[in-house]
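Next comes upload_16.cif, a file with mmCIF, C-alpha atoms.
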```
data_upload
#
loop_
_atom_site.label_atom_id
_atom_site.label_comp_id
_atom_site.auth_asym_id
_atom_site.auth_seq_id
_atom_site.Cartn_x
_atom_site.Cartn_y
_atom_site.Cartn_z
CA MET A 1 12.09 17.84 -7.77
CA ALA A 2 9.86 15.18 -6.24
CA GLY A 3 9.70 11.42 -6.44
CA HIS A 4 6.89 9.72 -8.33
CA THR A 5 6.15 6.03 -8.85
CA GLU A 6 3.37 4.22 -10.70
CA ASN A 7 2.97 0.46 -10.59
CA SER A 8 0.11 -1.85 -11.45
CA ILE A 9 -0.63 -5.54 -11.57
CA LEU A 10 -3.45 -7.66 -12.97
CA ILE A 11 -4.95 -9.97 -10.36
CA ASP A 12 -7.14 -12.85 -11.53
CA ALA A 13 -9.89 -12.19 -9.00
CA ASP A 14 -13.14 -10.26 -8.67
CA ILE A 15 -12.72 -6.55 -7.88
CA ASP A 16 -14.73 -6.84 -4.66
CA LEU A 17 -12.48 -9.62 -3.35
CA VAL A 18 -9.30 -7.72 -4.31
CA TRP A 19 -10.68 -4.56 -2.68
CA THR A 20 -11.70 -6.36 0.52
CA ILE A 21 -8.41 -8.22 1.01
CA THR A 22 -6.08 -5.34 0.14
CA ASN A 23 -7.93 -2.78 2.27
CA ASN A 24 -8.20 -4.94 5.39
CA LEU A 25 -5.53 -3.11 7.39
CA GLU A 26 -5.50 -5.69 10.19
CA GLY A 27 -4.54 -8.31 7.60
CA TRP A 28 -1.60 -6.38 6.13
CA PRO A 29 1.08 -8.21 8.17
CA ASP A 30 -0.11 -11.44 6.50
CA LEU A 31 -0.56 -9.82 3.08
CA PHE A 32 2.70 -7.84 2.81
CA THR A 33 6.10 -9.37 3.48
CA GLU A 34 7.61 -6.14 4.89
CA TYR A 35 5.02 -5.20 7.54
CA ALA A 36 5.31 -6.62 11.06
CA SER A 37 2.24 -4.92 12.53
CA VAL A 38 -0.61 -2.47 11.99
CA GLU A 39 -2.27 -0.63 14.86
CA ILE A 40 -5.51 1.23 14.07
CA LEU A 41 -5.37 4.50 16.04
CA GLU A 42 -8.60 6.13 14.79
CA HIS A 43 -11.44 5.15 12.49
CA HIS A 44 -14.13 7.55 11.26
CA ASP A 45 -16.42 6.43 8.45
CA GLN A 46 -14.04 5.39 5.62
CA THR A 47 -10.93 7.10 7.05
CA PHE A 48 -8.37 5.16 9.06
CA ARG A 49 -5.38 6.54 10.94
CA PHE A 50 -2.93 3.77 11.78
CA ARG A 51 0.62 2.99 12.84
CA LEU A 52 2.52 0.76 10.44
CA THR A 53 5.65 -1.03 11.67
CA MET A 54 8.07 -2.84 9.38
CA HIS A 55 10.19 -5.89 10.08
CA PRO A 56 13.79 -4.95 10.98
CA ASP A 57 15.90 -3.90 7.99
CA ALA A 58 19.35 -5.32 7.14
CA ASN A 59 20.88 -3.13 9.86
CA GLY A 60 18.31 -4.18 12.46
CA LYS A 61 16.46 -0.83 12.35
CA ILE A 62 12.69 -1.02 12.78
CA TRP A 63 10.85 1.66 10.81
CA SER A 64 7.43 2.82 11.99
CA TRP A 65 5.12 5.71 11.07
CA VAL A 66 1.53 6.89 11.20
CA SER A 67 -0.50 7.07 7.99
CA GLU A 68 -4.05 7.95 7.12
CA ARG A 69 -6.14 6.21 4.43
CA THR A 70 -9.52 7.24 3.10
CA LEU A 71 -11.41 4.59 1.18
CA ASP A 72 -13.95 5.28 -1.55
CA PRO A 73 -15.52 1.85 -2.08
CA ASP A 74 -17.99 3.13 -4.69
CA LYS A 75 -15.16 4.31 -6.96
CA HIS A 76 -12.68 1.62 -5.83
CA ARG A 77 -10.16 4.34 -4.95
CA VAL A 78 -7.98 4.99 -1.88
CA HIS A 79 -6.17 8.20 -0.96
CA ALA A 80 -3.48 8.03 1.72
CA HIS A 81 -0.68 10.08 3.18
CA ARG A 82 1.89 9.81 5.91
CA VAL A 83 0.93 11.78 9.01
CA GLU A 84 4.39 11.14 10.48
CA PRO A 85 6.49 11.56 7.35
CA GLY A 86 9.84 10.59 8.89
CA PRO A 87 12.56 11.13 6.25
CA PHE A 88 9.93 12.36 3.76
CA GLU A 89 8.79 15.97 3.47
CA PHE A 90 5.57 14.40 2.23
CA MET A 91 4.28 11.04 1.00
CA ASN A 92 0.94 10.83 -0.83
CA ILE A 93 -0.45 7.57 -2.15
CA GLU A 94 -3.37 6.65 -4.39
CA TRP A 95 -4.62 3.12 -5.03
CA THR A 96 -7.17 2.44 -7.76
CA TYR A 97 -8.89 -0.76 -8.86
CA GLU A 98 -10.43 -1.41 -12.28
CA PRO A 99 -12.09 -4.52 -13.71
CA GLU A 100 -9.96 -5.88 -16.55
CA SER A 101 -10.60 -9.04 -18.54
CA THR A 102 -11.59 -11.66 -15.93
CA GLY A 103 -9.70 -9.94 -13.12
CA THR A 104 -8.80 -6.65 -11.50
CA ARG A 105 -6.09 -4.14 -12.33
CA MET A 106 -4.65 -2.75 -9.08
CA HIS A 107 -2.71 0.50 -9.61
CA TRP A 108 -0.60 2.35 -7.01
CA VAL A 109 0.78 5.88 -7.40
CA GLN A 110 3.15 7.41 -4.86
CA ASP A 111 4.27 11.05 -4.86
CA PHE A 112 6.86 12.11 -2.31
CA HIS A 113 9.86 14.26 -1.56
CA MET A 114 12.73 13.40 0.74
CA ARG A 115 13.86 15.86 3.42
CA PRO A 116 17.20 17.55 2.69
CA ASP A 117 18.72 15.78 5.73
CA ALA A 118 17.36 12.35 4.76
CA PRO A 119 19.99 9.64 4.24
CA VAL A 120 18.81 9.14 0.62
CA ASP A 121 17.49 11.35 -2.19
CA ASP A 122 14.32 11.22 -4.31
CA GLU A 123 16.00 9.21 -7.08
CA TRP A 124 17.25 6.53 -4.68
CA MET A 125 13.86 6.32 -2.95
CA THR A 126 12.03 6.13 -6.30
CA ASN A 127 14.10 3.08 -7.26
CA ASN A 128 13.63 1.55 -3.82
CA ILE A 129 9.86 2.07 -3.83
CA ASN A 130 9.54 0.69 -7.38
CA ASN A 131 11.53 -2.45 -6.48
CA ASN A 132 9.62 -3.04 -3.24
CA THR A 133 6.22 -2.29 -4.79
CA ARG A 134 6.73 -4.71 -7.67
CA ARG A 135 7.82 -7.46 -5.26
CA GLU A 136 4.94 -6.80 -2.85
CA MET A 137 2.36 -6.62 -5.66
CA GLY A 138 3.52 -10.03 -6.88
CA VAL A 139 3.14 -11.51 -3.40
CA ILE A 140 -0.28 -9.89 -3.00
CA ARG A 141 -1.41 -11.23 -6.39
CA GLU A 142 -0.45 -14.78 -5.35
CA LYS A 143 -2.28 -14.51 -2.03
CA VAL A 144 -5.44 -12.92 -3.46
CA GLU A 145 -5.60 -15.38 -6.36
CA ARG A 146 -5.19 -18.26 -3.88
CA ALA A 147 -8.09 -16.82 -1.85
CA ALA A 148 -10.18 -16.45 -5.04
CA ARG A 149 -9.56 -20.10 -5.96
CA ALA A 150 -10.58 -21.18 -2.45
CA VAL A 151 -13.81 -19.17 -2.69
CA SER A 152 -14.61 -20.58 -6.14
CA THR A 153 -14.30 -24.18 -4.89
CA LEU A 154 -16.74 -23.73 -2.01
CA PRO A 155 -19.95 -25.69 -2.45
CA GLY A 156 -23.10 -23.75 -3.15
#
```

Output the file's structure in the form of structure tokens.
Amino acid sequence: MAGHTENSILIDADIDLVWTITNNLEGWPDLFTEYASVEILEHHDQTFRFRLTMHPDANGKIWSWVSERTLDPDKHRVHAHRVEPGPFEFMNIEWTYEPESTGTRMHWVQDFHMRPDAPVDDEWMTNNINNNTRREMGVIREKVERAARAVSTLPG
């Protein structure tokens, strides 16, 4: 059995702005509430290998891992996976963006499986990822929509 999550949110902003803000890895510590830092380790064309470090958890533990993301700006699609899976046997992620109404539908899918010796199982992690993703998507929507309003009020 493996874990699987799907979450989406409608952001009242142009797809190009949503794409640019949410795929600017250097800006993730300001975009996400849970990330303390991002260090780009390698960059080739549209593929980025980077170290992501979270803020300390409730027990003071700082989680960090290396991931790789490949962007397809023409299709507004991102494929990612953890290179250092930590407690996961694997973690694969897909982000897609679609124009919808006057905004953009951002959709995240995560497929994973926890290691047998991990402190939690797939069901626990599925619930945890769903809760965190919904919270983070809400924060991201607020920040991107604020940026969209600022752009729309610029003269010219």

Taking the file as I've supplied it (selection: the PyMOL selection byres ((chain A and resi 148-150) around 9)), which residues are included? Please answer as a PyMOL selection string.
chain A and resi 12-14+17-18+143-147+151-154

Selection dump of the PyMOL selection byres ((chain A and resi 39) around 7), as a PyMOL selection string
chain A and resi 37-38+40-41+50-52

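Across the model, the gap from atom CA of Met114 of chain A to atom CA of Ala2 of chain A is 7.8 Å.
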
Nearest-residue call for Ala58 of chain A, choices A:His113, A:His79, A:Asp72, A:Glu34, using all atoms listed in the file:
A:Glu34

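Nearest to Met1 of chain A of all the residues A:Glu142, A:Arg134, A:Pro56, A:Pro116 is A:Pro116, based on only C-alpha atoms.
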
Got a sec: who's within 9 Å of Ile140 of chain A, counting all atoms listed in the file, leaving out chain neighbours fewer than 3 positions off, as a PyMOL selection string?
chain A and resi 11+22+31-32+135-137+143-145

Would you mind putting N, CA, C and O atoms back on segment 95-117 of chain A and writing the result as a tab-separated table (two decimals), in the coordinates of the input?
```tsv
chain	number	residue	atom	x	y	z
A	95	TRP	N	-4.39	4.46	-4.50
A	95	TRP	CA	-4.62	3.12	-5.03
A	95	TRP	C	-5.93	3.16	-5.80
A	95	TRP	O	-6.93	3.69	-5.30
A	96	THR	N	-5.93	2.58	-7.00
A	96	THR	CA	-7.17	2.44	-7.76
A	96	THR	C	-7.32	1.00	-8.22
A	96	THR	O	-6.32	0.28	-8.38
A	97	TYR	N	-8.55	0.60	-8.44
A	97	TYR	CA	-8.89	-0.76	-8.86
A	97	TYR	C	-9.85	-0.66	-10.03
A	97	TYR	O	-10.83	0.07	-9.95
A	98	GLU	N	-9.56	-1.40	-11.10
A	98	GLU	CA	-10.43	-1.41	-12.28
A	98	GLU	C	-10.64	-2.84	-12.74
A	98	GLU	O	-9.68	-3.61	-12.80
A	99	PRO	N	-11.89	-3.20	-13.10
A	99	PRO	CA	-12.09	-4.52	-13.71
A	99	PRO	C	-11.33	-4.58	-15.03
A	99	PRO	O	-11.31	-3.60	-15.79
A	100	GLU	N	-10.68	-5.69	-15.29
A	100	GLU	CA	-9.96	-5.88	-16.55
A	100	GLU	C	-10.00	-7.36	-16.90
A	100	GLU	O	-9.58	-8.20	-16.09
A	101	SER	N	-10.48	-7.66	-18.09
A	101	SER	CA	-10.60	-9.04	-18.54
A	101	SER	C	-11.42	-9.80	-17.49
A	101	SER	O	-12.51	-9.39	-17.15
A	102	THR	N	-10.88	-10.90	-16.95
A	102	THR	CA	-11.59	-11.66	-15.93
A	102	THR	C	-11.11	-11.31	-14.53
A	102	THR	O	-11.46	-11.99	-13.57
A	103	GLY	N	-10.29	-10.27	-14.41
A	103	GLY	CA	-9.70	-9.94	-13.12
A	103	GLY	C	-9.82	-8.47	-12.77
A	103	GLY	O	-10.74	-7.77	-13.19
A	104	THR	N	-8.83	-8.02	-12.02
A	104	THR	CA	-8.80	-6.65	-11.50
A	104	THR	C	-7.41	-6.07	-11.68
A	104	THR	O	-6.42	-6.70	-11.32
A	105	ARG	N	-7.35	-4.88	-12.23
A	105	ARG	CA	-6.09	-4.14	-12.33
A	105	ARG	C	-5.96	-3.27	-11.08
A	105	ARG	O	-6.80	-2.41	-10.82
A	106	MET	N	-4.93	-3.55	-10.27
A	106	MET	CA	-4.65	-2.75	-9.08
A	106	MET	C	-3.49	-1.82	-9.42
A	106	MET	O	-2.45	-2.28	-9.90
A	107	HIS	N	-3.67	-0.53	-9.18
A	107	HIS	CA	-2.71	0.50	-9.61
A	107	HIS	C	-2.35	1.36	-8.39
A	107	HIS	O	-3.25	1.85	-7.69
A	108	TRP	N	-1.06	1.53	-8.13
A	108	TRP	CA	-0.60	2.35	-7.01
A	108	TRP	C	0.25	3.49	-7.54
A	108	TRP	O	1.18	3.28	-8.33
A	109	VAL	N	-0.02	4.69	-7.07
A	109	VAL	CA	0.78	5.88	-7.40
A	109	VAL	C	1.28	6.47	-6.09
A	109	VAL	O	0.50	6.61	-5.14
A	110	GLN	N	2.57	6.78	-6.04
A	110	GLN	CA	3.15	7.41	-4.86
A	110	GLN	C	3.90	8.67	-5.29
A	110	GLN	O	4.74	8.61	-6.19
A	111	ASP	N	3.57	9.78	-4.64
A	111	ASP	CA	4.27	11.05	-4.86
A	111	ASP	C	4.87	11.46	-3.52
A	111	ASP	O	4.19	11.43	-2.49
A	112	PHE	N	6.15	11.84	-3.55
A	112	PHE	CA	6.86	12.11	-2.31
A	112	PHE	C	8.05	13.03	-2.58
A	112	PHE	O	8.44	13.25	-3.72
A	113	HIS	N	8.61	13.50	-1.50
A	113	HIS	CA	9.86	14.26	-1.56
A	113	HIS	C	10.62	13.98	-0.28
A	113	HIS	O	10.05	14.04	0.81
A	114	MET	N	11.89	13.68	-0.42
A	114	MET	CA	12.73	13.40	0.74
A	114	MET	C	13.17	14.71	1.39
A	114	MET	O	13.38	15.71	0.71
A	115	ARG	N	13.33	14.69	2.69
A	115	ARG	CA	13.86	15.86	3.42
A	115	ARG	C	15.32	16.06	3.00
A	115	ARG	O	16.02	15.09	2.68
A	116	PRO	N	15.80	17.30	3.05
A	116	PRO	CA	17.20	17.55	2.69
A	116	PRO	C	18.19	16.78	3.57
A	116	PRO	O	19.27	16.40	3.10
A	117	ASP	N	17.82	16.51	4.83
A	117	ASP	CA	18.72	15.78	5.73
A	117	ASP	C	18.48	14.27	5.74
A	117	ASP	O	19.07	13.55	6.54
```
